[in-house]
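Here is the file upload.tsv (TSV, C-alpha atoms (C1' of nucleotides)).
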chain	number	residue	atom	x	y	z
A	1	MET	CA	46.28	16.36	5.52
A	2	GLY	CA	44.10	18.87	7.25
A	3	GLU	CA	40.97	17.77	5.42
A	4	LYS	CA	38.22	20.29	5.50
A	5	GLN	CA	35.86	19.89	8.42
A	6	TYR	CA	32.22	20.80	8.09
A	7	ARG	CA	29.93	21.65	10.95
A	8	ILE	CA	26.38	20.39	10.77
A	9	GLY	CA	24.85	23.51	9.23
A	10	GLU	CA	27.22	23.59	6.30
A	11	PHE	CA	27.26	19.83	5.90
A	12	SER	CA	23.50	19.74	5.85
A	13	LYS	CA	23.39	21.96	2.78
A	14	LEU	CA	26.13	19.95	1.17
A	15	VAL	CA	24.34	16.64	1.40
A	16	GLY	CA	20.80	17.91	1.13
A	17	LEU	CA	19.61	16.55	4.46
A	18	SER	CA	18.42	18.81	7.26
A	19	ALA	CA	20.43	19.06	10.45
A	20	TYR	CA	17.46	17.43	12.18
A	21	THR	CA	17.68	14.49	9.84
A	22	LEU	CA	21.43	14.17	10.24
A	23	ARG	CA	21.06	13.98	14.02
A	24	TYR	CA	18.20	11.57	13.58
A	25	TYR	CA	20.30	9.33	11.34
A	26	GLU	CA	23.05	9.42	13.90
A	27	ASP	CA	20.59	8.40	16.63
A	28	GLN	CA	19.43	5.58	14.42
A	29	GLY	CA	22.96	4.38	13.93
A	30	LEU	CA	23.27	5.20	10.23
A	31	ILE	CA	26.08	7.66	10.55
A	32	LEU	CA	28.76	8.54	13.00
A	33	SER	CA	30.10	11.98	13.58
A	34	GLN	CA	33.32	13.17	15.03
A	35	ARG	CA	33.30	15.84	17.68
A	36	ASP	CA	35.58	18.74	18.38
A	37	GLU	CA	36.82	19.57	21.86
A	38	ASN	CA	33.48	21.24	22.64
A	39	GLY	CA	31.38	18.34	21.57
A	40	VAL	CA	30.37	19.99	18.31
A	41	ARG	CA	29.85	17.58	15.42
A	42	TYR	CA	32.04	17.81	12.40
A	43	TYR	CA	32.08	15.95	9.14
A	44	THR	CA	34.60	15.38	6.39
A	45	ALA	CA	34.67	14.47	2.70
A	46	GLU	CA	34.54	10.84	3.73
A	47	ASP	CA	31.21	11.49	5.41
A	48	ILE	CA	29.88	13.09	2.24
A	49	ARG	CA	30.69	9.91	0.38
A	50	TRP	CA	29.07	7.78	3.04
A	51	ILE	CA	25.87	9.83	3.03
A	52	GLY	CA	25.89	9.57	-0.74
A	53	PHE	CA	26.10	5.84	-0.52
A	54	ILE	CA	23.38	5.43	2.06
A	55	LEU	CA	21.15	7.60	-0.10
A	56	HIS	CA	21.69	5.14	-2.91
A	57	LEU	CA	20.70	2.33	-0.60
A	58	LYS	CA	17.67	4.20	0.66
A	59	GLY	CA	16.82	5.05	-2.91
A	60	THR	CA	16.56	1.37	-3.71
A	61	GLY	CA	14.16	0.80	-0.84
A	62	MET	CA	16.42	-0.20	2.03
A	63	ARG	CA	14.89	0.61	5.39
A	64	LEU	CA	16.62	2.50	8.14
A	65	ASN	CA	16.89	-0.54	10.38
A	66	GLU	CA	18.45	-2.60	7.62
A	67	LEU	CA	20.85	0.22	7.00
A	68	LYS	CA	21.65	0.24	10.69
A	69	ARG	CA	22.40	-3.46	10.57
A	70	TYR	CA	24.62	-2.88	7.56
A	71	VAL	CA	26.52	-0.19	9.43
A	72	GLN	CA	27.01	-2.51	12.38
A	73	LEU	CA	28.39	-5.21	10.13
A	74	ARG	CA	30.71	-2.76	8.47
A	75	ALA	CA	32.05	-1.80	11.86
A	76	GLN	CA	32.87	-5.44	12.56
A	77	GLY	CA	35.30	-5.59	9.70
A	78	ASP	CA	35.97	-7.72	6.68
A	79	ASP	CA	34.59	-10.91	8.17
A	80	THR	CA	31.13	-9.59	7.52
A	81	ILE	CA	31.60	-8.91	3.84
A	82	ALA	CA	29.65	-11.96	2.78
A	83	GLU	CA	26.67	-10.94	4.86
A	84	ARG	CA	26.82	-7.37	3.65
A	85	ARG	CA	27.02	-8.53	0.08
A	86	ALA	CA	23.99	-10.73	0.65
A	87	MET	CA	22.04	-7.81	2.10
A	88	LEU	CA	22.80	-5.69	-0.93
A	89	GLN	CA	21.91	-8.50	-3.26
A	90	LYS	CA	18.56	-8.90	-1.60
A	91	VAL	CA	17.81	-5.19	-1.75
A	92	LYS	CA	18.80	-5.27	-5.41
A	93	ASP	CA	16.63	-8.26	-6.20
A	94	ASP	CA	13.68	-6.71	-4.41
A	95	ALA	CA	14.12	-3.43	-6.22
A	96	GLU	CA	14.32	-5.23	-9.53
A	97	ALA	CA	11.13	-7.08	-8.73
A	98	ASP	CA	9.52	-3.74	-7.86
A	99	ILE	CA	10.59	-2.34	-11.18
A	100	ALA	CA	9.18	-5.31	-13.03
A	101	GLU	CA	5.87	-4.90	-11.24
A	102	LEU	CA	5.83	-1.18	-11.85
A	103	GLN	CA	6.42	-1.80	-15.54
A	104	MET	CA	3.57	-4.25	-15.66
A	105	HIS	CA	1.26	-1.63	-14.16
A	106	LEU	CA	2.64	0.97	-16.54
A	107	LYS	CA	1.83	-1.21	-19.48
A	108	VAL	CA	-1.85	-1.20	-18.59
A	109	LEU	CA	-1.73	2.51	-17.95
A	110	GLY	CA	-0.18	3.06	-21.35
A	111	ARG	CA	-2.90	0.97	-22.93
A	112	LYS	CA	-5.53	3.04	-21.22
A	113	ILE	CA	-3.94	6.18	-22.61
A	114	ASP	CA	-3.93	4.63	-26.06
A	115	TRP	CA	-7.55	3.69	-25.62
A	116	TYR	CA	-8.43	7.27	-24.73
A	117	ASP	CA	-6.59	8.40	-27.84
A	118	GLY	CA	-8.47	5.86	-29.89
A	119	LYS	CA	-11.79	7.14	-28.58
A	120	THR	CA	-10.77	10.72	-29.26
A	121	ASN	CA	-9.65	9.89	-32.80
A	122	HIS	CA	-12.52	7.53	-33.40
A	123	THR	CA	-10.08	4.82	-34.36
A	124	ILE	CA	-11.65	2.74	-31.61
A	125	PRO	CA	-15.42	2.29	-31.81
A	126	ASP	CA	-17.48	4.09	-29.19
A	127	THR	CA	-18.90	0.81	-28.10
A	128	GLU	CA	-15.62	-0.89	-27.32
A	129	SER	CA	-14.89	-0.98	-23.61
A	130	PHE	CA	-11.38	-0.70	-22.26
A	131	HIS	CA	-11.73	-4.19	-20.91
A	132	ASP	CA	-12.48	-5.55	-24.37
A	133	TYR	CA	-9.68	-3.49	-25.84
A	134	LEU	CA	-7.23	-4.85	-23.27
A	135	GLN	CA	-8.18	-8.43	-24.05
A	136	LYS	CA	-6.68	-8.07	-27.50
A	137	PHE	CA	-3.21	-7.91	-26.04
A	138	ASN	CA	-3.62	-11.04	-23.98
A	139	LYS	CA	-3.18	-13.54	-26.73
B	140	MET	CA	-28.88	-9.72	-16.87
B	141	GLY	CA	-28.45	-12.35	-14.23
B	142	GLU	CA	-24.81	-11.46	-13.60
B	143	LYS	CA	-23.38	-13.01	-10.50
B	144	GLN	CA	-23.54	-10.77	-7.46
B	145	TYR	CA	-20.92	-10.95	-4.78
B	146	ARG	CA	-21.35	-9.78	-1.22
B	147	ILE	CA	-18.45	-8.08	0.44
B	148	GLY	CA	-16.96	-11.17	2.09
B	149	GLU	CA	-16.71	-13.14	-1.10
B	150	PHE	CA	-15.71	-10.13	-3.16
B	151	SER	CA	-12.96	-9.29	-0.73
B	152	LYS	CA	-11.29	-12.66	-1.32
B	153	LEU	CA	-11.77	-12.29	-5.03
B	154	VAL	CA	-9.97	-8.99	-5.32
B	155	GLY	CA	-7.51	-9.45	-2.49
B	156	LEU	CA	-8.59	-6.46	-0.45
B	157	SER	CA	-10.08	-6.77	3.02
B	158	ALA	CA	-13.71	-5.85	3.59
B	159	TYR	CA	-12.39	-3.01	5.76
B	160	THR	CA	-10.39	-1.70	2.86
B	161	LEU	CA	-13.28	-2.00	0.42
B	162	ARG	CA	-15.50	0.05	2.71
B	163	TYR	CA	-12.68	2.50	3.21
B	164	TYR	CA	-12.22	2.88	-0.54
B	165	GLU	CA	-15.92	3.47	-0.89
B	166	ASP	CA	-15.78	6.17	1.81
B	167	GLN	CA	-12.90	7.74	-0.04
B	168	GLY	CA	-14.84	7.79	-3.26
B	169	LEU	CA	-12.75	5.24	-5.16
B	170	ILE	CA	-15.47	2.71	-5.66
B	171	LEU	CA	-19.23	2.59	-5.62
B	172	SER	CA	-21.28	-0.34	-4.53
B	173	GLN	CA	-24.80	-1.32	-5.27
B	174	ARG	CA	-27.09	-2.32	-2.45
B	175	ASP	CA	-29.79	-4.92	-2.19
B	176	GLU	CA	-33.15	-4.19	-0.60
B	177	ASN	CA	-31.63	-4.56	2.86
B	178	GLY	CA	-28.82	-2.15	2.25
B	179	VAL	CA	-26.24	-4.91	1.88
B	180	ARG	CA	-23.47	-4.17	-0.61
B	181	TYR	CA	-23.06	-6.30	-3.66
B	182	TYR	CA	-20.54	-6.28	-6.44
B	183	THR	CA	-20.40	-7.65	-9.97
B	184	ALA	CA	-17.80	-8.68	-12.53
B	185	GLU	CA	-17.64	-5.05	-13.63
B	186	ASP	CA	-16.51	-4.11	-10.13
B	187	ILE	CA	-13.78	-6.72	-10.25
B	188	ARG	CA	-12.44	-5.09	-13.40
B	189	TRP	CA	-12.64	-1.66	-11.85
B	190	ILE	CA	-10.76	-2.74	-8.72
B	191	GLY	CA	-8.20	-4.35	-10.99
B	192	PHE	CA	-7.73	-1.13	-12.81
B	193	ILE	CA	-7.40	1.05	-9.73
B	194	LEU	CA	-4.84	-1.38	-8.40
B	195	HIS	CA	-2.81	-0.78	-11.54
B	196	LEU	CA	-3.08	2.94	-10.94
B	197	LYS	CA	-2.13	2.59	-7.30
B	198	GLY	CA	0.69	0.33	-8.33
B	199	THR	CA	2.16	3.10	-10.41
B	200	GLY	CA	2.08	5.48	-7.46
B	201	MET	CA	-1.25	7.25	-7.82
B	202	ARG	CA	-2.57	8.53	-4.50
B	203	LEU	CA	-6.03	7.89	-3.19
B	204	ASN	CA	-7.09	11.50	-3.58
B	205	GLU	CA	-5.94	11.58	-7.19
B	206	LEU	CA	-7.83	8.38	-7.79
B	207	LYS	CA	-10.87	9.99	-6.22
B	208	ARG	CA	-10.56	12.92	-8.58
B	209	TYR	CA	-10.26	10.51	-11.48
B	210	VAL	CA	-13.43	8.74	-10.41
B	211	GLN	CA	-15.27	12.04	-10.18
B	212	LEU	CA	-14.20	12.97	-13.69
B	213	ARG	CA	-15.24	9.60	-14.99
B	214	ALA	CA	-18.68	10.13	-13.49
B	215	GLN	CA	-18.95	13.40	-15.40
B	216	GLY	CA	-18.79	11.64	-18.73
B	217	ASP	CA	-16.79	11.83	-21.91
B	218	ASP	CA	-16.14	15.55	-21.71
B	219	THR	CA	-13.49	14.83	-19.11
B	220	ILE	CA	-11.53	12.36	-21.17
B	221	ALA	CA	-8.77	14.85	-21.94
B	222	GLU	CA	-8.26	15.61	-18.28
B	223	ARG	CA	-8.29	11.96	-17.33
B	224	ARG	CA	-5.81	11.19	-20.07
B	225	ALA	CA	-3.57	13.95	-18.77
B	226	MET	CA	-3.74	12.58	-15.24
B	227	LEU	CA	-2.71	9.15	-16.42
B	228	GLN	CA	0.07	10.59	-18.52
B	229	LYS	CA	1.44	12.44	-15.52
B	230	VAL	CA	1.33	9.37	-13.32
B	231	LYS	CA	3.05	7.45	-16.09
B	232	ASP	CA	5.76	10.06	-16.52
B	233	ASP	CA	6.35	10.22	-12.80
B	234	ALA	CA	6.57	6.46	-12.52
B	235	GLU	CA	9.01	6.33	-15.40
B	236	ALA	CA	11.13	8.96	-13.70
B	237	ASP	CA	11.02	6.89	-10.51
B	238	ILE	CA	12.17	3.85	-12.42
B	239	ALA	CA	15.03	5.78	-13.96
B	240	GLU	CA	16.13	6.98	-10.55
B	241	LEU	CA	15.79	3.55	-9.07
B	242	GLN	CA	17.94	2.15	-11.83
B	243	MET	CA	20.57	4.76	-11.19
B	244	HIS	CA	20.69	3.74	-7.54
B	245	LEU	CA	20.75	0.10	-8.53
B	246	LYS	CA	23.74	0.68	-10.71
B	247	VAL	CA	25.77	1.88	-7.74
B	248	LEU	CA	24.50	-0.99	-5.66
B	249	GLY	CA	25.55	-3.42	-8.36
B	250	ARG	CA	28.98	-1.85	-8.45
B	251	LYS	CA	29.30	-2.24	-4.71
B	252	ILE	CA	28.43	-5.90	-5.02
B	253	ASP	CA	31.06	-6.26	-7.74
B	254	TRP	CA	33.54	-4.50	-5.52
B	255	TYR	CA	32.82	-6.94	-2.68
B	256	ASP	CA	33.36	-9.78	-5.12
B	257	GLY	CA	36.61	-8.23	-6.26
B	258	LYS	CA	37.81	-8.00	-2.67
B	259	THR	CA	36.82	-11.57	-2.00
B	260	ASN	CA	38.56	-12.81	-5.16
B	261	HIS	CA	41.51	-10.52	-4.72
B	262	THR	CA	40.97	-9.18	-8.21
B	263	ILE	CA	40.65	-5.77	-6.62
B	264	PRO	CA	43.57	-4.69	-4.43
B	265	ASP	CA	42.92	-4.53	-0.69
B	266	THR	CA	43.87	-0.91	-0.73
B	267	GLU	CA	41.36	0.21	-3.31
B	268	SER	CA	38.39	1.96	-1.76
B	269	PHE	CA	34.92	1.63	-3.21
B	270	HIS	CA	35.01	5.33	-3.92
B	271	ASP	CA	38.14	4.95	-6.02
B	272	TYR	CA	36.69	1.90	-7.72
B	273	LEU	CA	33.52	3.81	-8.57
B	274	GLN	CA	35.45	6.65	-10.12
B	275	LYS	CA	36.60	4.35	-12.86
B	276	PHE	CA	33.11	4.22	-14.29
B	277	ASN	CA	32.68	7.96	-14.41
B	278	LYS	CA	34.72	8.68	-17.48
C	279	DA	C1'	-32.51	-19.65	19.69
C	280	DA	C1'	-28.11	-19.04	18.16
C	281	DA	C1'	-24.77	-18.12	14.76
C	282	DC	C1'	-23.44	-15.63	10.93
C	283	DA	C1'	-22.73	-12.04	7.67
C	284	DC	C1'	-23.67	-7.97	6.89
C	285	DC	C1'	-24.86	-2.77	8.19
C	286	DT	C1'	-23.70	2.05	10.59
C	287	DT	C1'	-20.68	5.77	13.01
C	288	DT	C1'	-16.79	6.94	15.42
C	289	DG	C1'	-12.48	6.98	16.93
C	290	DA	C1'	-8.11	4.91	18.04
C	291	DG	C1'	-3.90	2.42	16.59
C	292	DT	C1'	-0.06	1.11	13.24
C	293	DG	C1'	4.33	1.82	10.63
C	294	DC	C1'	7.67	4.52	8.60
C	295	DA	C1'	10.58	8.39	8.29
C	296	DC	C1'	10.92	12.30	9.39
C	297	DT	C1'	10.15	17.25	11.33
C	298	DC	C1'	9.84	20.44	14.71
C	299	DG	C1'	9.73	22.91	19.07
C	300	DA	C1'	10.63	23.61	23.91
C	301	DA	C1'	13.88	24.32	27.47
C	302	DG	C1'	18.20	25.04	29.04
C	303	DG	C1'	23.20	25.40	28.12
C	304	DC	C1'	28.05	26.36	25.95
C	305	DA	C1'	31.50	28.87	23.05
C	306	DA	C1'	33.13	32.00	19.51
C	307	DG	C1'	32.78	36.23	16.91
C	308	DA	C1'	30.99	41.25	16.03
D	309	DT	C1'	26.93	42.07	25.54
D	310	DC	C1'	24.41	40.07	22.11
D	311	DT	C1'	23.76	37.07	18.44
D	312	DT	C1'	24.69	32.88	16.15
D	313	DG	C1'	25.32	28.22	15.90
D	314	DC	C1'	25.79	24.52	18.00
D	315	DC	C1'	24.64	20.98	21.98
D	316	DT	C1'	21.20	17.82	24.85
D	317	DT	C1'	16.64	15.26	25.98
D	318	DC	C1'	12.02	14.62	25.27
D	319	DG	C1'	7.92	14.44	23.36
D	320	DA	C1'	4.49	15.79	20.04
D	321	DG	C1'	2.95	16.33	15.20
D	322	DT	C1'	2.75	15.04	10.11
D	323	DG	C1'	1.21	12.24	6.03
D	324	DC	C1'	-0.38	8.27	4.00
D	325	DA	C1'	-3.06	4.22	3.76
D	326	DC	C1'	-4.86	1.38	6.03
D	327	DT	C1'	-6.62	-1.72	10.08
D	328	DC	C1'	-9.37	-2.73	13.70
D	329	DA	C1'	-12.65	-2.57	17.46
D	330	DA	C1'	-16.67	-1.01	19.91
D	331	DA	C1'	-21.52	-0.67	20.14
D	332	DG	C1'	-25.76	-1.46	18.47
D	333	DG	C1'	-28.60	-2.88	14.51
D	334	DT	C1'	-31.00	-6.11	10.56
D	335	DG	C1'	-31.89	-10.24	7.99
D	336	DT	C1'	-30.96	-15.21	6.81
D	337	DT	C1'	-29.66	-19.81	7.85
D	338	DT	C1'	-29.15	-23.87	10.93
Could you render the structure from this file as structure tokens?
Amino acid sequence: MGEKQYRIGEFSKLVGLSAYTLRYYEDQGLILSQRDENGVRYYTAEDIRWIGFILHLKGTGMRLNELKRYVQLRAQGDDTIAERRAMLQKVKDDAEADIAELQMHLKVLGRKIDWYDGKTNHTIPDTESFHDYLQKFNK
Amino acid sequence: MGEKQYRIGEFSKLVGLSAYTLRYYEDQGLILSQRDENGVRYYTAEDIRWIGFILHLKGTGMRLNELKRYVQLRAQGDDTIAERRAMLQKVKDDAEADIAELQMHLKVLGRKIDWYDGKTNHTIPDTESFHDYLQKFNK
DNA sequence: AAACACCTTTGAGTGCACTCGAAGGCAAGA
DNA sequence: TCTTGCCTTCGAGTGCACTCAAAGGTGTTT
């Protein structure tokens, strides 16, 4: 027992979020903090893990208000697992769709780079436009 | 010769950007428009292709001011091809890094979903925390 | 004549997630 | 005692990319 307690300054460095942001997240209902007898916030290893997890969720595009909802569900106990799972699944599906779209854009970008290289090398005729070049891949 | 000319209203529907946005992009130096004798903007098939291309660039995370720079270089002719190529390469590298990060976050999210499923199925003991469950994958 | 689609400049509003500062206060350590 | 680090509320500012409206104009179509 006697887990290490971190005050906001130290914790902030640990998790890479400013003290401002930590208070802001608390206001927004993303995190809870415990308080000592003087009302000073303290955090534990458990909080580090939680921040880590919400950063994963944020990293996949979850918004703060969705995260807030998730936190509320979590506080209501195991009955809400199905809903939480569904939320995560949706975020995951959306992120995967974003990746697919990004990759589609990247493909064109890569082709443009190749086209520039072709111009530079003269392996693509000066007269061939990028548009014409691109068409070749669409069949 | 005799290419179809589109006024902003029609063009806007064609490319999926509002007339407001098209004028805004023009202000920002992302697109040019030709004008008829009354000063009314018109666009051609070439402009459709250009908008398509900048949407690919935007889709990979390029900012409007970078895009503006790119357009300026393009206007300066073939001497700037190397710099333009480099810009695209950077955007591509950044986007690929973003995808890699996103996938890393998605992995954790997927594991959380699996963990929920395990709880629901009772294939994961009630006492096992997600943190403990996650650890198993880190070796 | 009225409606419509366009033109201009200018400036305000939106959404999201911070980011910061002011003002005033408490408690522990040097 | 002074400094440091924390606390509170409140409100303003930032960055990005739009998004829209006002106010006053031109030219074409019905």
Pose of chain A fitted onto chain B, C-alpha LSQ, given as a compact mmCIF listing (two decimals) with C-alpha atoms, keeping the file's coordinate frame:
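The new file result_9.txt reads:
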# COMPACT_ATOMS: atom_id res chain seq x y z
CA MET A 1 -28.37 -11.29 -17.75
CA GLY A 2 -28.49 -12.13 -14.10
CA GLU A 3 -24.80 -11.44 -13.58
CA LYS A 4 -23.41 -12.97 -10.47
CA GLN A 5 -23.59 -10.73 -7.44
CA TYR A 6 -20.95 -10.91 -4.76
CA ARG A 7 -21.40 -9.77 -1.20
CA ILE A 8 -18.48 -8.05 0.46
CA GLY A 9 -17.01 -11.13 2.12
CA GLU A 10 -16.76 -13.11 -1.07
CA PHE A 11 -15.74 -10.12 -3.15
CA SER A 12 -13.00 -9.29 -0.71
CA LYS A 13 -11.33 -12.65 -1.30
CA LEU A 14 -11.80 -12.29 -5.01
CA VAL A 15 -9.99 -8.99 -5.29
CA GLY A 16 -7.54 -9.47 -2.46
CA LEU A 17 -8.63 -6.45 -0.45
CA SER A 18 -10.12 -6.77 3.02
CA ALA A 19 -13.74 -5.85 3.60
CA TYR A 20 -12.43 -3.01 5.77
CA THR A 21 -10.41 -1.69 2.88
CA LEU A 22 -13.30 -2.00 0.45
CA ARG A 23 -15.52 0.07 2.73
CA TYR A 24 -12.68 2.50 3.23
CA TYR A 25 -12.22 2.88 -0.53
CA GLU A 26 -15.91 3.48 -0.87
CA ASP A 27 -15.76 6.18 1.82
CA GLN A 28 -12.87 7.74 -0.03
CA GLY A 29 -14.82 7.79 -3.24
CA LEU A 30 -12.75 5.23 -5.14
CA ILE A 31 -15.48 2.72 -5.64
CA LEU A 32 -19.21 2.61 -5.62
CA SER A 33 -21.27 -0.31 -4.52
CA GLN A 34 -24.79 -1.28 -5.27
CA ARG A 35 -27.10 -2.26 -2.47
CA ASP A 36 -29.80 -4.86 -2.19
CA GLU A 37 -33.18 -4.13 -0.65
CA ASN A 38 -31.66 -4.48 2.83
CA GLY A 39 -28.84 -2.10 2.22
CA VAL A 40 -26.28 -4.88 1.86
CA ARG A 41 -23.48 -4.12 -0.60
CA TYR A 42 -23.08 -6.24 -3.65
CA TYR A 43 -20.55 -6.25 -6.42
CA THR A 44 -20.40 -7.62 -9.93
CA ALA A 45 -17.80 -8.65 -12.51
CA GLU A 46 -17.64 -5.04 -13.60
CA ASP A 47 -16.51 -4.09 -10.11
CA ILE A 48 -13.78 -6.71 -10.24
CA ARG A 49 -12.46 -5.08 -13.37
CA TRP A 50 -12.63 -1.65 -11.82
CA ILE A 51 -10.76 -2.73 -8.70
CA GLY A 52 -8.20 -4.35 -10.96
CA PHE A 53 -7.73 -1.11 -12.79
CA ILE A 54 -7.42 1.05 -9.72
CA LEU A 55 -4.83 -1.38 -8.39
CA HIS A 56 -2.83 -0.77 -11.53
CA LEU A 57 -3.08 2.95 -10.93
CA LYS A 58 -2.15 2.59 -7.29
CA GLY A 59 0.67 0.32 -8.33
CA THR A 60 2.15 3.11 -10.39
CA GLY A 61 2.07 5.48 -7.44
CA MET A 62 -1.25 7.26 -7.82
CA ARG A 63 -2.57 8.51 -4.51
CA LEU A 64 -6.03 7.89 -3.19
CA ASN A 65 -7.09 11.50 -3.58
CA GLU A 66 -5.94 11.59 -7.18
CA LEU A 67 -7.83 8.40 -7.76
CA LYS A 68 -10.87 10.00 -6.21
CA ARG A 69 -10.55 12.93 -8.57
CA TYR A 70 -10.25 10.52 -11.47
CA VAL A 71 -13.42 8.75 -10.38
CA GLN A 72 -15.26 12.05 -10.16
CA LEU A 73 -14.18 12.97 -13.67
CA ARG A 74 -15.24 9.60 -14.96
CA ALA A 75 -18.66 10.16 -13.48
CA GLN A 76 -18.96 13.42 -15.40
CA GLY A 77 -18.76 11.66 -18.71
CA ASP A 78 -16.78 11.86 -21.89
CA ASP A 79 -16.13 15.58 -21.68
CA THR A 80 -13.49 14.86 -19.09
CA ILE A 81 -11.51 12.40 -21.16
CA ALA A 82 -8.78 14.88 -21.93
CA GLU A 83 -8.25 15.63 -18.27
CA ARG A 84 -8.29 11.98 -17.32
CA ARG A 85 -5.81 11.19 -20.04
CA ALA A 86 -3.56 13.97 -18.76
CA MET A 87 -3.74 12.59 -15.22
CA LEU A 88 -2.70 9.16 -16.41
CA GLN A 89 0.07 10.60 -18.50
CA LYS A 90 1.44 12.44 -15.52
CA VAL A 91 1.31 9.37 -13.30
CA LYS A 92 3.06 7.46 -16.07
CA ASP A 93 5.76 10.06 -16.52
CA ASP A 94 6.35 10.23 -12.78
CA ALA A 95 6.57 6.47 -12.51
CA GLU A 96 9.01 6.35 -15.38
CA ALA A 97 11.14 8.97 -13.70
CA ASP A 98 11.02 6.89 -10.51
CA ILE A 99 12.18 3.87 -12.42
CA ALA A 100 15.04 5.78 -13.97
CA GLU A 101 16.12 6.99 -10.55
CA LEU A 102 15.79 3.54 -9.06
CA GLN A 103 17.96 2.15 -11.84
CA MET A 104 20.58 4.76 -11.19
CA HIS A 105 20.69 3.74 -7.53
CA LEU A 106 20.75 0.09 -8.54
CA LYS A 107 23.75 0.69 -10.71
CA VAL A 108 25.78 1.87 -7.75
CA LEU A 109 24.50 -0.99 -5.67
CA GLY A 110 25.55 -3.43 -8.36
CA ARG A 111 28.98 -1.86 -8.45
CA LYS A 112 29.29 -2.25 -4.72
CA ILE A 113 28.43 -5.92 -5.04
CA ASP A 114 31.05 -6.28 -7.75
CA TRP A 115 33.54 -4.52 -5.54
CA TYR A 116 32.83 -6.94 -2.71
CA ASP A 117 33.36 -9.79 -5.15
CA GLY A 118 36.60 -8.24 -6.29
CA LYS A 119 37.83 -8.01 -2.71
CA THR A 120 36.81 -11.59 -2.04
CA ASN A 121 38.55 -12.84 -5.19
CA HIS A 122 41.49 -10.53 -4.75
CA THR A 123 40.95 -9.20 -8.24
CA ILE A 124 40.67 -5.77 -6.65
CA PRO A 125 43.59 -4.71 -4.46
CA ASP A 126 42.94 -4.54 -0.73
CA THR A 127 43.91 -0.93 -0.76
CA GLU A 128 41.39 0.22 -3.34
CA SER A 129 38.41 1.94 -1.77
CA PHE A 130 34.95 1.63 -3.22
CA HIS A 131 35.02 5.33 -3.91
CA ASP A 132 38.15 4.96 -6.03
CA TYR A 133 36.70 1.92 -7.73
CA LEU A 134 33.51 3.81 -8.57
CA GLN A 135 35.45 6.67 -10.11
CA LYS A 136 36.61 4.38 -12.89
CA PHE A 137 33.12 4.24 -14.30
CA ASN A 138 32.69 7.98 -14.39
CA LYS A 139 34.73 8.68 -17.45
Contact residues (chain A, partner chain C, 10 Å, all atoms listed in the file) as a count of residues only: 8
Between CA of Ser12 (chain A) and C1' of DG323 (chain D), distance in Å (one decimal): 23.5 Å
Interface list for chain A, partner chain D, 12 Å threshold, only C-alpha atoms (C1' of nucleotides), as a ChimeraX atom specification: /A:7-10,19,23,35-36,38-42
Expected file: the selected residues, C-alpha atoms, as a short mmCIF file (atom, residue, chain, number, x, y, z; two decimals), keeping the file's coordinate frame:
data_model
loop_
_atom_site.label_atom_id
_atom_site.label_comp_id
_atom_site.auth_asym_id
_atom_site.auth_seq_id
_atom_site.Cartn_x
_atom_site.Cartn_y
_atom_site.Cartn_z
CA ARG A 7 29.93 21.65 10.95
CA ILE A 8 26.38 20.39 10.77
CA GLY A 9 24.85 23.51 9.23
CA GLU A 10 27.22 23.59 6.30
CA ALA A 19 20.43 19.06 10.45
CA ARG A 23 21.06 13.98 14.02
CA ARG A 35 33.30 15.84 17.68
CA ASP A 36 35.58 18.74 18.38
CA ASN A 38 33.48 21.24 22.64
CA GLY A 39 31.38 18.34 21.57
CA VAL A 40 30.37 19.99 18.31
CA ARG A 41 29.85 17.58 15.42
CA TYR A 42 32.04 17.81 12.40
#
Give me, as a compact mmCIF listing (two decimals) with C-alpha atoms, keeping the file's coordinate frame, the residues of chain B touching chain A, with the criterion being at most 10 Å (counting only C-alpha atoms).
# COMPACT_ATOMS: atom_id res chain seq x y z
CA GLU B 185 -17.64 -5.05 -13.63
CA ARG B 188 -12.44 -5.09 -13.40
CA TRP B 189 -12.64 -1.66 -11.85
CA PHE B 192 -7.73 -1.13 -12.81
CA LEU B 194 -4.84 -1.38 -8.40
CA HIS B 195 -2.81 -0.78 -11.54
CA LEU B 196 -3.08 2.94 -10.94
CA LYS B 197 -2.13 2.59 -7.30
CA GLY B 198 0.69 0.33 -8.33
CA THR B 199 2.16 3.10 -10.41
CA GLY B 200 2.08 5.48 -7.46
CA ASP B 217 -16.79 11.83 -21.91
CA ILE B 220 -11.53 12.36 -21.17
CA ALA B 221 -8.77 14.85 -21.94
CA ARG B 223 -8.29 11.96 -17.33
CA ARG B 224 -5.81 11.19 -20.07
CA ALA B 225 -3.57 13.95 -18.77
CA MET B 226 -3.74 12.58 -15.24
CA LEU B 227 -2.71 9.15 -16.42
CA GLN B 228 0.07 10.59 -18.52
CA VAL B 230 1.33 9.37 -13.32
CA LYS B 231 3.05 7.45 -16.09
CA ASP B 232 5.76 10.06 -16.52
CA ALA B 234 6.57 6.46 -12.52
CA GLU B 235 9.01 6.33 -15.40
CA ASP B 237 11.02 6.89 -10.51
CA ILE B 238 12.17 3.85 -12.42
CA ALA B 239 15.03 5.78 -13.96
CA GLU B 240 16.13 6.98 -10.55
CA LEU B 241 15.79 3.55 -9.07
CA GLN B 242 17.94 2.15 -11.83
CA MET B 243 20.57 4.76 -11.19
CA HIS B 244 20.69 3.74 -7.54
CA LEU B 245 20.75 0.10 -8.53
CA LYS B 246 23.74 0.68 -10.71
CA VAL B 247 25.77 1.88 -7.74
CA LEU B 248 24.50 -0.99 -5.66
CA GLY B 249 25.55 -3.42 -8.36
CA LYS B 251 29.30 -2.24 -4.71
CA ILE B 252 28.43 -5.90 -5.02
CA ASP B 253 31.06 -6.26 -7.74
CA TRP B 254 33.54 -4.50 -5.52
CA TYR B 255 32.82 -6.94 -2.68
CA ASP B 256 33.36 -9.78 -5.12
CA LYS B 258 37.81 -8.00 -2.67
CA THR B 259 36.82 -11.57 -2.00
CA PHE B 269 34.92 1.63 -3.21
CA HIS B 270 35.01 5.33 -3.92
